[in-house]
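Undergrad: Sharing my_file29.pdb (PDB, C-alpha atoms) below.
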MODEL        1
ATOM      1  CA  MET A 597       0.000   0.000   0.000
ATOM      2  CA  PRO A 598       1.468   3.405  -0.941
ATOM      3  CA  ARG A 599       2.616   5.900   1.662
ATOM      4  CA  VAL A 600       1.552   9.529   1.505
ATOM      5  CA  ASN A 601       3.827  12.404   2.544
ATOM      6  CA  VAL A 602       2.404  14.919   5.023
ATOM      7  CA  THR A 603       1.804  18.101   3.015
ATOM      8  CA  LEU A 604      -0.501  21.066   3.205
ATOM      9  CA  LEU A 605      -3.004  19.076   1.109
ATOM     10  CA  TRP A 606      -3.467  16.579   3.921
ATOM     11  CA  THR A 607      -3.180  18.906   6.939
ATOM     12  CA  LEU A 608      -6.858  18.446   7.714
ATOM     13  CA  ILE A 609      -6.663  14.681   7.338
ATOM     14  CA  VAL A 610      -3.632  14.300   9.578
ATOM     15  CA  LEU A 611      -5.117  16.464  12.293
ATOM     16  CA  ALA A 612      -8.416  14.642  12.136
ATOM     17  CA  SER A 613      -6.736  11.344  12.858
ATOM     18  CA  ILE A 614      -4.233  11.884  15.636
ATOM     19  CA  PRO A 615      -4.652   9.383  18.516
ATOM     20  CA  ALA A 616      -5.378  10.344  22.132
ATOM     21  CA  VAL A 617      -4.896   9.116  25.690
ATOM     22  CA  ILE A 618      -8.189   8.832  27.570
ATOM     23  CA  CYS A 619      -8.257   9.265  31.354
ATOM     24  CA  GLY A 620     -10.698   7.303  33.498
ATOM     25  CA  LYS A 621     -12.987   8.503  36.269
ATOM     26  CA  GLY A 622     -11.809   9.067  39.816
ATOM     27  CA  ARG A 623      -8.148   8.179  40.158
ATOM     28  CA  ARG A 624      -6.155   9.554  37.245
ATOM     29  CA  LYS A 625      -4.256   6.761  35.548
ATOM     30  CA  ARG A 626      -3.201   6.044  32.002
ATOM     31  CA  GLU A 627      -5.492   3.665  30.138
ATOM     32  CA  LYS A 628      -5.142   2.048  26.758
ATOM     33  CA  PRO A 629      -4.631   4.830  24.194
ATOM     34  CA  GLY A 630      -7.472   5.508  21.803
ATOM     35  CA  LEU A 631      -8.885   8.101  19.488
ATOM     36  CA  LYS A 632     -10.842  10.975  21.014
ATOM     37  CA  PHE A 633     -12.392  13.701  18.904
ATOM     38  CA  ALA A 634     -15.378  16.039  18.771
ATOM     39  CA  ASP A 635     -17.038  18.050  16.023
ATOM     40  CA  CYS A 636     -16.850  21.498  17.634
ATOM     41  CA  GLY A 637     -18.675  23.428  14.907
ATOM     42  CA  SER A 638     -20.674  26.314  16.380
ATOM     43  CA  GLU A 639     -22.622  27.162  13.216
ATOM     44  CA  VAL A 640     -25.841  25.142  12.941
ATOM     45  CA  ASP A 641     -25.806  25.234   9.132
ATOM     46  CA  ARG A 642     -22.050  24.614   8.738
ATOM     47  CA  PRO A 643     -21.304  22.608   5.564
ATOM     48  CA  LEU A 644     -18.440  20.464   6.911
ATOM     49  CA  GLN A 645     -19.234  17.815   9.531
ATOM     50  CA  PHE A 646     -17.300  14.829  10.870
ATOM     51  CA  TYR A 647     -19.125  11.674  11.976
ATOM     52  CA  ASP A 648     -16.348   9.236  12.808
ATOM     53  CA  VAL A 649     -12.548   9.094  12.845
ATOM     54  CA  LYS A 650     -10.331   6.076  13.513
ATOM     55  CA  ALA A 651      -6.572   5.546  13.347
ATOM     56  CA  HIS A 652      -3.913   2.937  14.063
ATOM     57  CA  PRO A 653      -1.441   2.401  15.555
ATOM     58  CA  VAL A 654      -2.088   4.476  18.661
ATOM     59  CA  PRO A 655      -0.493   6.471  20.156
ATOM     60  CA  ILE A 656       1.136   8.059  17.139
ATOM     61  CA  VAL A 657       4.806   7.156  16.678
ATOM     62  CA  THR A 658       7.360   9.439  15.057
ATOM     63  CA  PRO A 659       8.800   8.586  12.637
ATOM     64  CA  GLY A 660       6.295   6.056  11.314
ATOM     65  CA  THR A 661       3.167   5.409   9.289
ATOM     66  CA  LEU A 662      -0.334   6.188  10.546
ATOM     67  CA  TYR A 663      -3.380   4.532   8.954
ATOM     68  CA  VAL A 664      -6.449   6.735   8.993
ATOM     69  CA  SER A 665     -10.165   6.096   8.486
ATOM     70  CA  PHE A 666     -12.689   8.940   8.602
ATOM     71  CA  ARG A 667     -16.287   9.605   7.651
ATOM     72  CA  GLY A 668     -18.316  12.794   7.297
ATOM     73  CA  ASN A 669     -20.350  15.021   5.027
ATOM     74  CA  ILE A 670     -20.133  18.262   3.036
ATOM     75  CA  THR A 671     -23.685  19.600   2.731
ATOM     76  CA  TYR A 672     -22.889  22.136  -0.001
ATOM     77  CA  ASP A 673     -19.867  23.064  -2.132
ATOM     78  CA  LEU A 674     -17.171  24.870  -0.147
ATOM     79  CA  PRO A 675     -15.953  28.256  -1.445
ATOM     80  CA  ARG A 676     -12.581  28.503  -3.137
ATOM     81  CA  ASP A 677     -11.198  30.992  -0.626
ATOM     82  CA  ILE A 678     -10.771  28.866   2.510
ATOM     83  CA  SER A 679      -8.165  28.718   5.262
ATOM     84  CA  PHE A 680      -7.232  26.380   8.116
ATOM     85  CA  GLU A 681      -6.805  27.870  11.610
ATOM     86  CA  LEU A 682      -5.040  25.634  14.111
ATOM     87  CA  GLY A 683      -4.667  26.071  17.850
ATOM     88  CA  LEU A 684      -2.253  23.628  19.511
ATOM     89  CA  VAL A 685      -1.569  23.125  23.228
ATOM     90  CA  LYS A 686       0.666  20.727  25.118
ATOM     91  CA  TYR A 687      -0.317  19.398  28.536
ATOM     92  CA  PHE A 688       2.141  19.543  31.420
ATOM     93  CA  ILE A 689       0.807  17.854  34.585
ATOM     94  CA  GLY A 690      -2.671  18.328  33.164
ATOM     95  CA  ILE A 691      -2.308  22.060  32.408
ATOM     96  CA  PRO A 692      -2.572  23.178  28.753
ATOM     97  CA  PHE A 693       0.142  25.506  27.463
ATOM     98  CA  PRO A 694      -0.442  27.127  24.029
ATOM     99  CA  LEU A 695       2.277  26.447  21.465
ATOM    100  CA  PRO A 696       3.226  29.194  18.985
ATOM    101  CA  CYS A 697       3.629  28.750  15.249
ATOM    102  CA  PHE A 698       7.124  27.544  14.286
ATOM    103  CA  ASP A 699       8.449  28.173  10.757
ATOM    104  CA  SER A 700       4.884  28.881   9.572
ATOM    105  CA  SER A 701       4.206  25.136   9.513
ATOM    106  CA  LEU A 702       4.285  23.610  13.026
ATOM    107  CA  GLY A 703       2.172  24.609  16.020
ATOM    108  CA  SER A 704      -0.670  27.128  16.251
ATOM    109  CA  CYS A 705      -0.593  28.302  12.628
ATOM    110  CA  THR A 706      -3.075  29.615  10.089
ATOM    111  CA  TYR A 707      -2.854  28.303   6.539
ATOM    112  CA  HIS A 708      -4.208  30.674   3.889
ATOM    113  CA  ASP A 709      -4.836  30.163   0.159
ATOM    114  CA  ILE A 710      -5.533  26.439   0.453
ATOM    115  CA  CYS A 711      -7.050  26.260  -3.029
ATOM    116  CA  ASP A 712      -4.092  28.059  -4.606
ATOM    117  CA  ASN A 713      -1.796  25.360  -3.248
ATOM    118  CA  LEU A 714      -4.014  22.673  -4.775
ATOM    119  CA  LYS A 715      -4.461  24.349  -8.148
ATOM    120  CA  HIS A 716      -2.108  21.931  -9.901
ATOM    121  CA  TYR A 717      -4.492  19.037  -9.202
ATOM    122  CA  GLU A 718      -7.378  20.794 -10.988
ATOM    123  CA  TYR A 719      -5.675  19.893 -14.286
ATOM    124  CA  ALA A 720      -3.513  16.901 -13.399
ATOM    125  CA  GLY A 721      -6.041  15.122 -11.183
ATOM    126  CA  CYS A 722      -5.278  13.279  -7.952
ATOM    127  CA  PRO A 723      -1.951  11.449  -7.644
ATOM    128  CA  ARG A 724      -2.215   7.781  -8.574
ATOM    129  CA  SER A 725      -1.456   6.730  -4.986
ATOM    130  CA  LEU A 726      -4.602   8.537  -3.764
ATOM    131  CA  ARG A 727      -7.187   7.734  -6.436
ATOM    132  CA  GLN A 728      -8.251   4.490  -4.784
ATOM    133  CA  TYR A 729      -9.406   6.393  -1.665
ATOM    134  CA  GLY A 730     -11.915   8.614  -3.468
ATOM    135  CA  LEU A 731     -10.471  11.854  -2.104
ATOM    136  CA  GLN A 732     -11.062  15.290  -3.572
ATOM    137  CA  CYS A 733      -7.687  16.816  -4.443
ATOM    138  CA  SER A 734      -8.714  20.217  -5.784
ATOM    139  CA  CYS A 735     -11.167  23.052  -5.194
ATOM    140  CA  PRO A 736     -13.983  23.624  -4.942
ATOM    141  CA  PHE A 737     -14.656  20.745  -2.558
ATOM    142  CA  LYS A 738     -17.964  19.325  -3.741
ATOM    143  CA  SER A 739     -20.935  18.418  -1.561
ATOM    144  CA  GLY A 740     -21.496  14.802  -0.599
ATOM    145  CA  GLU A 741     -20.556  12.198   1.960
ATOM    146  CA  PHE A 742     -16.966  10.977   2.290
ATOM    147  CA  ASN A 743     -15.806   7.680   3.741
ATOM    148  CA  VAL A 744     -12.058   6.955   3.596
ATOM    149  CA  LYS A 745     -10.564   3.752   4.998
ATOM    150  CA  ASN A 746      -6.958   3.027   5.974
ATOM    151  CA  LEU A 747      -5.295   5.978   4.283
ATOM    152  CA  PRO A 748      -1.520   5.681   5.004
ATOM    153  CA  LEU A 749       0.130   8.899   6.209
ATOM    154  CA  ASN A 750       3.883   9.277   6.601
ATOM    155  CA  ILE A 751       4.738  10.807   9.989
ATOM    156  CA  PRO A 752       8.191  12.417   9.615
ATOM    157  CA  LYS A 753      11.045  12.460  12.070
ATOM    158  CA  ILE A 754      11.020  15.562  14.271
ATOM    159  CA  ARG A 755      14.376  17.295  14.156
ATOM    160  CA  GLY A 756      16.086  20.141  15.937
ATOM    161  CA  PHE A 757      15.167  21.607  19.317
ATOM    162  CA  ALA A 758      11.568  20.326  19.228
ATOM    163  CA  ARG A 759      12.759  16.707  19.075
ATOM    164  CA  ALA A 760      13.538  16.638  22.809
ATOM    165  CA  PHE A 761      10.007  17.726  23.743
ATOM    166  CA  ILE A 762       7.818  15.958  21.179
ATOM    167  CA  ARG A 763       6.751  13.150  23.519
ATOM    168  CA  GLY A 764       3.599  13.875  25.522
ATOM    169  CA  ASP A 765      -0.093  14.732  25.409
ATOM    170  CA  TYR A 766      -1.608  17.452  23.218
ATOM    171  CA  GLY A 767      -4.868  19.194  22.422
ATOM    172  CA  LEU A 768      -5.727  20.748  19.095
ATOM    173  CA  LYS A 769      -8.582  22.754  17.608
ATOM    174  CA  LEU A 770      -8.926  23.016  13.835
ATOM    175  CA  ARG A 771     -11.294  25.533  12.245
ATOM    176  CA  VAL A 772     -12.035  25.747   8.516
ATOM    177  CA  LEU A 773     -12.888  29.349   7.578
ATOM    178  CA  ASP A 774     -14.046  31.233   4.501
ATOM    179  CA  SER A 775     -12.780  34.637   3.306
ATOM    180  CA  GLU A 776     -14.951  36.447   5.873
ATOM    181  CA  SER A 777     -13.749  34.205   8.742
ATOM    182  CA  THR A 778     -17.091  32.412   8.883
ATOM    183  CA  GLU A 779     -16.668  28.952  10.339
ATOM    184  CA  LEU A 780     -17.311  26.185   7.794
ATOM    185  CA  GLY A 781     -16.299  23.338  10.090
ATOM    186  CA  CYS A 782     -14.454  22.606  13.322
ATOM    187  CA  LEU A 783     -12.704  19.617  14.871
ATOM    188  CA  GLN A 784     -11.354  19.348  18.426
ATOM    189  CA  LEU A 785      -8.803  16.672  19.284
ATOM    190  CA  GLU A 786      -6.725  15.215  22.084
ATOM    191  CA  PHE A 787      -3.709  13.089  21.232
ATOM    192  CA  SER A 788      -0.438  11.672  22.462
ATOM    193  CA  VAL A 789       2.898  11.329  20.668
ATOM    194  CA  LYS A 790       5.922   9.159  21.336
ATOM    195  CA  LYS A 791       9.254   8.693  19.627
ATOM    196  CA  ARG A 792      10.181   5.402  18.017
ATOM    197  CA  TYR A 793      12.363   3.350  20.346
ATOM    198  CA  ARG A 794      15.578   2.082  18.823
ATOM    199  CA  GLY A 795      17.025  -0.653  20.990
ATOM    200  CA  TRP A 796      20.170  -2.694  20.649
ATOM    201  CA  LEU A 797      18.344  -5.833  19.515
ATOM    202  CA  PHE A 798      15.166  -4.559  17.857
ATOM    203  CA  LYS A 799      13.211  -1.425  17.023
ATOM    204  CA  ILE A 800       9.722  -0.420  18.214
TER
ENDMDL
END
For this file, produce the structure as structure tokens.
TA:
Amino acid sequence: MPRVNVTLLWTLIVLASIPAVICGKGRRKREKPGLKFADCGSEVDRPLQFYDVKAHPVPIVTPGTLYVSFRGNITYDLPRDISFELGLVKYFIGIPFPLPCFDSSLGSCTYHDICDNLKHYEYAGCPRSLRQYGLQCSCPFKSGEFNVKNLPLNIPKIRGFARAFIRGDYGLKLRVLDSESTELGCLQLEFSVKKRYRGWLFKI
């Protein structure tokens, strides 16, 4: 099965499929990791809605491959001028600390001109590795239900200063906005990340 690089095209997909650590009632203790998400859209007539998201393996391992399944609906065609607004926090002893935007690509960033970045696919069509999943690769994103199963996403190795702090629990809020900052859809997530262990005898 082909592997897909994490690019701006799949920002929404990656964020909608990050695994989480769920805490039980009463005594706080770590349980088996699982996916936790919520459709946080505040607009009643918002066009973009998520029904279900699954991913494996969990928690997410970097570097590695994450397999994503997600289901939802677009009630009417999205406008061409859309942006992604991300708010990312990291939890330290249960307290969320907002993370800034690093290099305009990692952290609490806003991505403008989404359709301009996908313009190439309007003429060339989706890459061959993605056609089997029935994804829309160019704007405008048409109305209709979507149901994607086991989409492989390449999770890159984190380098530099951030590498020492990547392990832990996070919270993220993704908002899809139009040119007037009207909310078209919203997804709220909790997730955990760990680095791949490289032992003397085997790798995990």
Undergrad: Starting from the shown file, work through the PyMOL selection byres ((chain A and resi 681) around 7) and note down what comes out as an MDAnalysis selection string.
TA: chainID A and resid 679:680 682:683 705:707 770:772
Undergrad: For the provided coordinates, the residues matched by the PyMOL selection byres ((chain A and resi 738) around 9) should be stated as a list in words.
TA: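 For this structure, the PyMOL selection byres ((chain A and resi 738) around 9) captures Ile670, Thr671, Tyr672, Asp673, Leu674, Gln732, Cys735, Pro736, Phe737, Ser739 and Gly740 of chain A.
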Undergrad: Would you kindly translate the PyMOL selection byres ((chain A and resi 637) around 10) into the concrete residues it picks from this file, as a JSON list (two decimals) with C-alpha atoms, keeping the file's coordinate frame?
TA:
[["chain", "number", "residue", "atom", "x", "y", "z"],
["A", 634, "ALA", "CA", -15.38, 16.04, 18.77],
["A", 635, "ASP", "CA", -17.04, 18.05, 16.02],
["A", 636, "CYS", "CA", -16.85, 21.50, 17.63],
["A", 638, "SER", "CA", -20.67, 26.31, 16.38],
["A", 639, "GLU", "CA", -22.62, 27.16, 13.22],
["A", 640, "VAL", "CA", -25.84, 25.14, 12.94],
["A", 641, "ASP", "CA", -25.81, 25.23, 9.13],
["A", 642, "ARG", "CA", -22.05, 24.61, 8.74],
["A", 643, "PRO", "CA", -21.30, 22.61, 5.56],
["A", 644, "LEU", "CA", -18.44, 20.46, 6.91],
["A", 645, "GLN", "CA", -19.23, 17.82, 9.53],
["A", 646, "PHE", "CA", -17.30, 14.83, 10.87],
["A", 770, "LEU", "CA", -8.93, 23.02, 13.84],
["A", 771, "ARG", "CA", -11.29, 25.53, 12.24],
["A", 772, "VAL", "CA", -12.04, 25.75, 8.52],
["A", 779, "GLU", "CA", -16.67, 28.95, 10.34],
["A", 780, "LEU", "CA", -17.31, 26.18, 7.79],
["A", 781, "GLY", "CA", -16.30, 23.34, 10.09],
["A", 782, "CYS", "CA", -14.45, 22.61, 13.32],
["A", 783, "LEU", "CA", -12.70, 19.62, 14.87],
["A", 784, "GLN", "CA", -11.35, 19.35, 18.43]]
Undergrad: Between atom CA of A:Ser704 and atom CA of A:Tyr729, what distance in Å does the model show, to one decimal?
TA: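 According to the coordinates, atom CA of A:Ser704 and atom CA of A:Tyr729 are separated by 28.8 Å.
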Undergrad: If you measure from atom CA of A:Lys753 to atom CA of A:Thr658, what distance in Å do you get, rounded to one decimal?
TA: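 Atom CA of A:Thr658 lies 5.6 Å from atom CA of A:Lys753.
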Undergrad: Report the distance between atom CA of A:Lys769 and atom CA of A:Leu785 in Å, rounded to one decimal place.
TA: 6.3 Å
Undergrad: Please list as a PyMOL selection string every residue within 12 Å of A:Arg727, counting only C-alpha atoms and excluding residues in the same chain fewer than 4 positions away.
TA: chain A and resi 598+600+717+721-723+731-733+744+747
Undergrad: Give the answer as one residue: which of A:Pro748, A:Pro675, A:Pro694, A:Gly660 has the shortest atom-to-atom distance to A:Thr778, using all atoms listed in the file?
TA: A:Pro675
Undergrad: Box in all listed atoms of stretch 647-654 of chain A, axis-aligned, with 3 Å more on each side; write out centre and edge lengths in Å to one decimal as AutoDock Vina command-line options.
TA:
--center_x -10.3 --center_y 7.0 --center_z 15.3 --size_x 23.7 --size_y 15.3 --size_z 12.7
Undergrad: Residues near A:Phe761, anyone? I mean within 12 Å using only C-alpha atoms, not counting same-chain ones fewer than 3 positions away, as a VMD selection string.
TA: chain A and resid 686 to 688 695 754 to 758 764 to 766 789 to 791
Undergrad: Given only C-alpha atoms as the basis, pick out the residue of A:Leu702, A:Leu749, A:Val649, A:Val685 nearest to A:Tyr663.
TA: A:Leu749
Undergrad: Give the answer as one residue: which of A:His716, A:Lys745, A:Arg763, A:Arg792 has the shortest atom-to-atom distance to A:His652, using all atoms listed in the file?
TA: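 Smallest distance to A:His652 is found for A:Lys745.
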